[in-house]
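These notes concern the structure reproduced below.
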Protein chains: 2
Amino acid sequence: MTATRHEIRQGAYYDSVVLMQLQRSLVQLENVQDAGVVMATQANRDVLTAAGFSLDEIEAKPDDLLIVVKAASEEDALTAIGKVDELLKARKTSSTADFRPRSLESAAKNTPEAEWVLISVPGRYAAGVADEALELGKHVFLYSDNVSIEDEIKLKQKASALGLMVMGPDCGTAIINGAGLGFANHVSRGKIGLVGASGTGLQAITSGVHNLGAGVSQAIGTGGRDLKESVGGTTALQALELLGRDPETEVIVLVSKPPSPKVASQLLSAARSTGKHVVVNFIGYPVSVEQVGNIHFATSLQKASKMAVSLLGKETTQPAESVEGYLRGLFSGGTLAYEALQSLHAFLSPMYSNIPITPEQKLPDSTKSQGHAILDLGEDEFTQGRLHPMMDNDLRIRRMWQEAKDPETGMIVLDVVLGEGAHPDPTSELAPAILEIKEKHPVEFAALVIGTPEDPQQMEEQISRLEQAGAVVFQDVAGLTNYLVARLSTPFAYEGKPLDQSQFQDQFAAINVGLESFYDSLKSQGFEAVQVDWRPPAGGKEDLMAILAKMKKG
Amino acid sequence: MTATRHEIRQGAYYDSVVLMQLQRSLVQLENVQDAGVVMATQANRDVLTAAGFSLDEIEAKPDDLLIVVKAASEEDALTAIGKVDELLKARKTSSTADFRPRSLESAAKNTPEAEWVLISVPGRYAAGVADEALELGKHVFLYSDNVSIEDEIKLKQKASALGLMVMGPDCGTAIINGAGLGFANHVSRGKIGLVGASGTGLQAITSGVHNLGAGVSQAIGTGGRDLKESVGGTTALQALELLGRDPETEVIVLVSKPPSPKVASQLLSAARSTGKHVVVNFIGYPVSVEQVGNIHFATSLQKASKMAVSLLGKETTQPAESVEGYLRGLFSGGTLAYEALQSLHAFLSPMYSNIPITPEQKLPDSTKSQGHAILDLGEDEFTQGRLHPMMDNDLRIRRMWQEAKDPETGMIVLDVVLGEGAHPDPTSELAPAILEIKEKHPVEFAALVIGTPEDPQQMEEQISRLEQAGAVVFQDVAGLTNYLVARLSTPFAYEGKPLDQSQFQDQFAAINVGLESFYDSLKSQGFEAVQVDWRPPAGGKEDLMAILAKMKKG
């Protein structure tokens, strides 16, 4: 025999740690078999149902606190529920006796040296607290999730204009001036600076760096949505700009789930501008090259740690002078076009193609290029009723002229695929066309030659003819990519107010609003911290909150 | 002054080489400035328009031949067009005097040693010719594009049942028994066998292998659509099965644009079953590991060549004994979950997740796993009103029980992230749960531990407690992935009729239907070849073709 009883506390607010501890205390009571203490969201109800609680008849709203107990008898269950207030009180008295200001404002007044505010209150209150922290001139570590993207954008724009940083929302980890915020591993201080839109990604790489015997200067979390196009990578760009200037940082690591293509190219441009080696791990964002200038692509978290450590002490080289205008790649080989697109799309934006990787890259009209463009001229649309461009140069030479006449074109790229079946002497036609075009139009040419010295076209002869016509020749996509990125990517211009470098040195002090365990963690690491005795405004009632917010503005 | 004149030849069929040569001859005539000789498709009209021809008033159907000439005067233009028949005839008489059977059937009778038919006739006729070749018991190299996917599926299923291979449609390249088919580079024979759904991909890698001093056993093209789910990778699977058996092949390379996830996992399963080292370059299909057993992932064509050559002479190891049932990954770290998904989704199918990479991976209900599943329990949906699973094990332990009770579960995977902010001693709760579950249910456990020896939880202690409870522990996703793939992937069972190994040895002879340049190429390489003097059935008239097809069937 078992009996289940429950209690609902409407709109009650408790720290999640308190709820967890209450649940544990209930389970430990005599004859209690299981207990749940959760906000009554659908997900939490599903978990309890899966655990064997029957909740069908319980009516509770998502912001109600649901306490449910399964015990040997009805009496045991009721007894347990009757002890809830006592258990909650027991918890209260055990808390520390430190000074606890009731508001962020008074905390800031009492601890002016605290330049950071850690926020882990429930999502619907978090944006308001973060905004208050910015008003007080503090950087924000925003652990809370369930914050709207509109609020995130507003907060980050405000912070950027003030020379402040908002890490998060949903930022799980950071290491600032040696202090671990949120979830953070104990790692040595050192010369590797990290920027991450992924919490456990940062943790795995900082741990890896430490376990390989190196150390971390700063590890800056951005929150998982920072690299979405609407947020624009604001925090990541601030962080790259800061680490670029930071004398303590020698190698930078940038890790995230796949960024939007536009943000990716901005981040890589900012990374290039640091002049330092930057290891990039865009998890699940395929790039077909391993190194482009000072940028190094890692395919896994473990690899990112290893690469960063191995780059310590290695000098970087200056990028080449850049060309004005867009890239126009006119490929006869589909796979070559695709690999080139795959390698370049993270760097050059906007990028269009008739064989797009992402839908937004789709060139609206294949017969007319726009932006940076990579065309596979061997696609069906171009080859109906005519020979493949590997056999017949006519289509390609016409297109070379068309691109050259477009004043937006800066660089034309061709592939030349040798071998059986292909044109017996392709550069006898392509090289004169390049020469003639270069006489009339200010465009540059690069070429990718694929073949072997044994091919019937005489590879060395083909290459030297292209070079004599003024094309720069490569024999693999990686080499071509390095050259094109160096010549075509636009320099990064940081737009916000720069962060104050002096705040990212040895001192660290913070105000914590929310989960007490983060406060305890800072203290145990030996840093100064203040815990705000935070309560939801207006007791958490939505309508009252709206009125309060209006009164504050007015 | 210039004048443009044109001529239309309705439904006329010419080899594309003939058209290209006619166009060149016209341009070389006195006072002719430019000329176009193309099938009047929209794309070809666009190219001519872009080249400055005014075609607005020319009415021609896509299968009409359009001849257009721009010359100094109307008279010059008309003179040029008047010479078209003469120029076409001049071409005819220059062709070789070899015997040319009028049909594939008579070619096959006259050259029974030809086991291959190369087909490069226009797309709408190509499937019919390929079907005839299969009926005659020949392998097919199908260069033609614009063949419907329905026809491709029919042809490949027929071939598979007969123990024959159809490379293509739209197959640009292959090297069979040393003979280059279509576009192919001159490379040494050697111990590296290739399978490719991308023409210039195969060319770049075979060239790379040769330029690195090694050689090629077979290079088998599949056509670009072979790895789509509807086609199912039929040709690629045949090729892997063949190369697995081939005593001349020591290392295999598999290259393609992104395959469908289902086909990818089948191909990798087939690749594992070869027991040989297989270098995989799924261009643009991100995989976060570099090696899983005998499978090695390359991120570029150049790297694929290098890896293949470096693996020559290296022994492979036997995979571990496999577990029955599905993987259920219960992660607290979002990035760890994502990297694991990224690493495993190419191997294990069907794969579901609440943080899917592809839309079809989306788990319909996060509270209930199906198939192989990787869950990020730190996602918003699970953390509203409760602590993050890195702090509170309750949700995870409940889910472990839920998964263990599902008879389809074979392996449960947990991550354990240490450090500040995280649970002070996670395995004090997780390890007993693992022990208890293993006593009651036949599931296995693996764990990924992220942290440093300096973390407050004492990493070594955490690891040893997990191991004592019977979990296999890893400290990076790559190690975990290798273990899980070895234990969980199902062995590959080849379903078609196996290809005849003896046909993939030293002899090569072929019948060519279509582009004469492919015939010329085979002859110049020293191989036996027959050119069929092919004409479109019923003079290319669609209605007559349909009647002929019916009569043939009847």
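Ordering of the structure tokens sets the chain letters (A, B, ...), residue numbers begin anew at 1 in every chain, and ligands are numbered from 1 in the order given.
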So which residues touch Phe141 in chain B within 10 Å, counting only C-alpha atoms, skipping near sequence neighbours fewer than 2 positions away, as a count of residues only? 28
Applying 8 Å and only C-alpha atoms, which residues near Gln23 in chain A remain after dropping the ones on its own chain fewer than 6 positions away? List them as a VMD selection string. chain A and resid 35 to 37
Output the contact residues of chain B with respect to chain A at a cut-off of 7 Å, based on only C-alpha atoms, as a PyMOL selection string. chain B and resi 16-17+38-39+43+46+51+145-146+180+182-186+198-201+204+207+211+283-286+288-289+299-300+302+333-336+339+342+367+380-382+385-387+398+418-422+450-452+454-455+476+517-518+521
Near Pro259 in chain A, within 7 Å and counting only C-alpha atoms, which residues show up once chain neighbours fewer than 2 positions away are dropped, as a PyMOL selection string? chain A and resi 227-228+257+261+263-264
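Within range 85-165 of chain A, DSSP applied to the backbone places the following residues in strand (DSSP E or B): Trp116, Val117, Leu118, Ile119, His139, Val140, Phe141 and Leu142 of chain A.
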Applying 10 Å and only C-alpha atoms, which residues near Gly496 in chain A remain after dropping the ones on its own chain fewer than 6 positions away? List them as a PDB file with C-alpha atoms, in the first residue's frame.
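Output saved as around11.pdb:
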```
ATOM      1  CA  GLN A 157      23.480  46.742 -26.666  1.00  0.00           C
ATOM      2  CA  LYS A 158      23.278  48.777 -23.472  1.00  0.00           C
ATOM      3  CA  ALA A 159      26.361  47.066 -22.058  1.00  0.00           C
ATOM      4  CA  SER A 160      28.352  47.520 -25.249  1.00  0.00           C
ATOM      5  CA  ALA A 161      27.620  51.263 -25.305  1.00  0.00           C
ATOM      6  CA  LEU A 162      28.727  51.523 -21.654  1.00  0.00           C
ATOM      7  CA  GLY A 163      31.953  49.515 -22.089  1.00  0.00           C
ATOM      8  CA  LEU A 164      30.461  46.734 -19.962  1.00  0.00           C
ATOM      9  CA  THR A 234      28.156  41.254 -29.214  1.00  0.00           C
ATOM     10  CA  LEU A 237      33.323  40.379 -30.244  1.00  0.00           C
ATOM     11  CA  GLN A 238      33.937  42.343 -27.007  1.00  0.00           C
TER      12      GLN A 238
END
```
Assign secondary structure with DSSP using the backbone only, and return the residues of range 334-508 of chain A in alpha helix (DSSP H) as an NGL selection string. :A and (334-344 or 380-383 or 394-405 or 427-440 or 459-468 or 477-488)
Pairwise distance for CA of Leu104 in chain A and CA of Val532 in chain A, rounded to one decimal in Å: 6.4 Å
Would you mind reading off the distance between CA of Ser260 in chain A and CA of Asp226 in chain A, one decimal, in Å? 9.9 Å
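CA of Gly137 in chain A is positioned 22.2 Å from CA of Phe99 in chain A.
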Would you mind telling me which residue in A:Phe527, A:Phe474, A:Phe53, A:Phe347 lies nearest to Ser269 in chain A when using only C-alpha atoms?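 That would be A:Phe347, the residue with the smallest distance to Ser269 in chain A.
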Pick out the closest residue to Tyr494 in chain B from this set: B:Glu439, B:Glu241, B:Glu152, B:Glu86. Count only C-alpha atoms.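 Of B:Glu439, B:Glu241, B:Glu152, B:Glu86, the one nearest Tyr494 in chain B is B:Glu241, counting only C-alpha atoms.
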Which residues come within 12 Å of Lys440 in chain A, counting only C-alpha atoms, excluding same-chain residues fewer than 6 positions away, as a count of residues only? 6
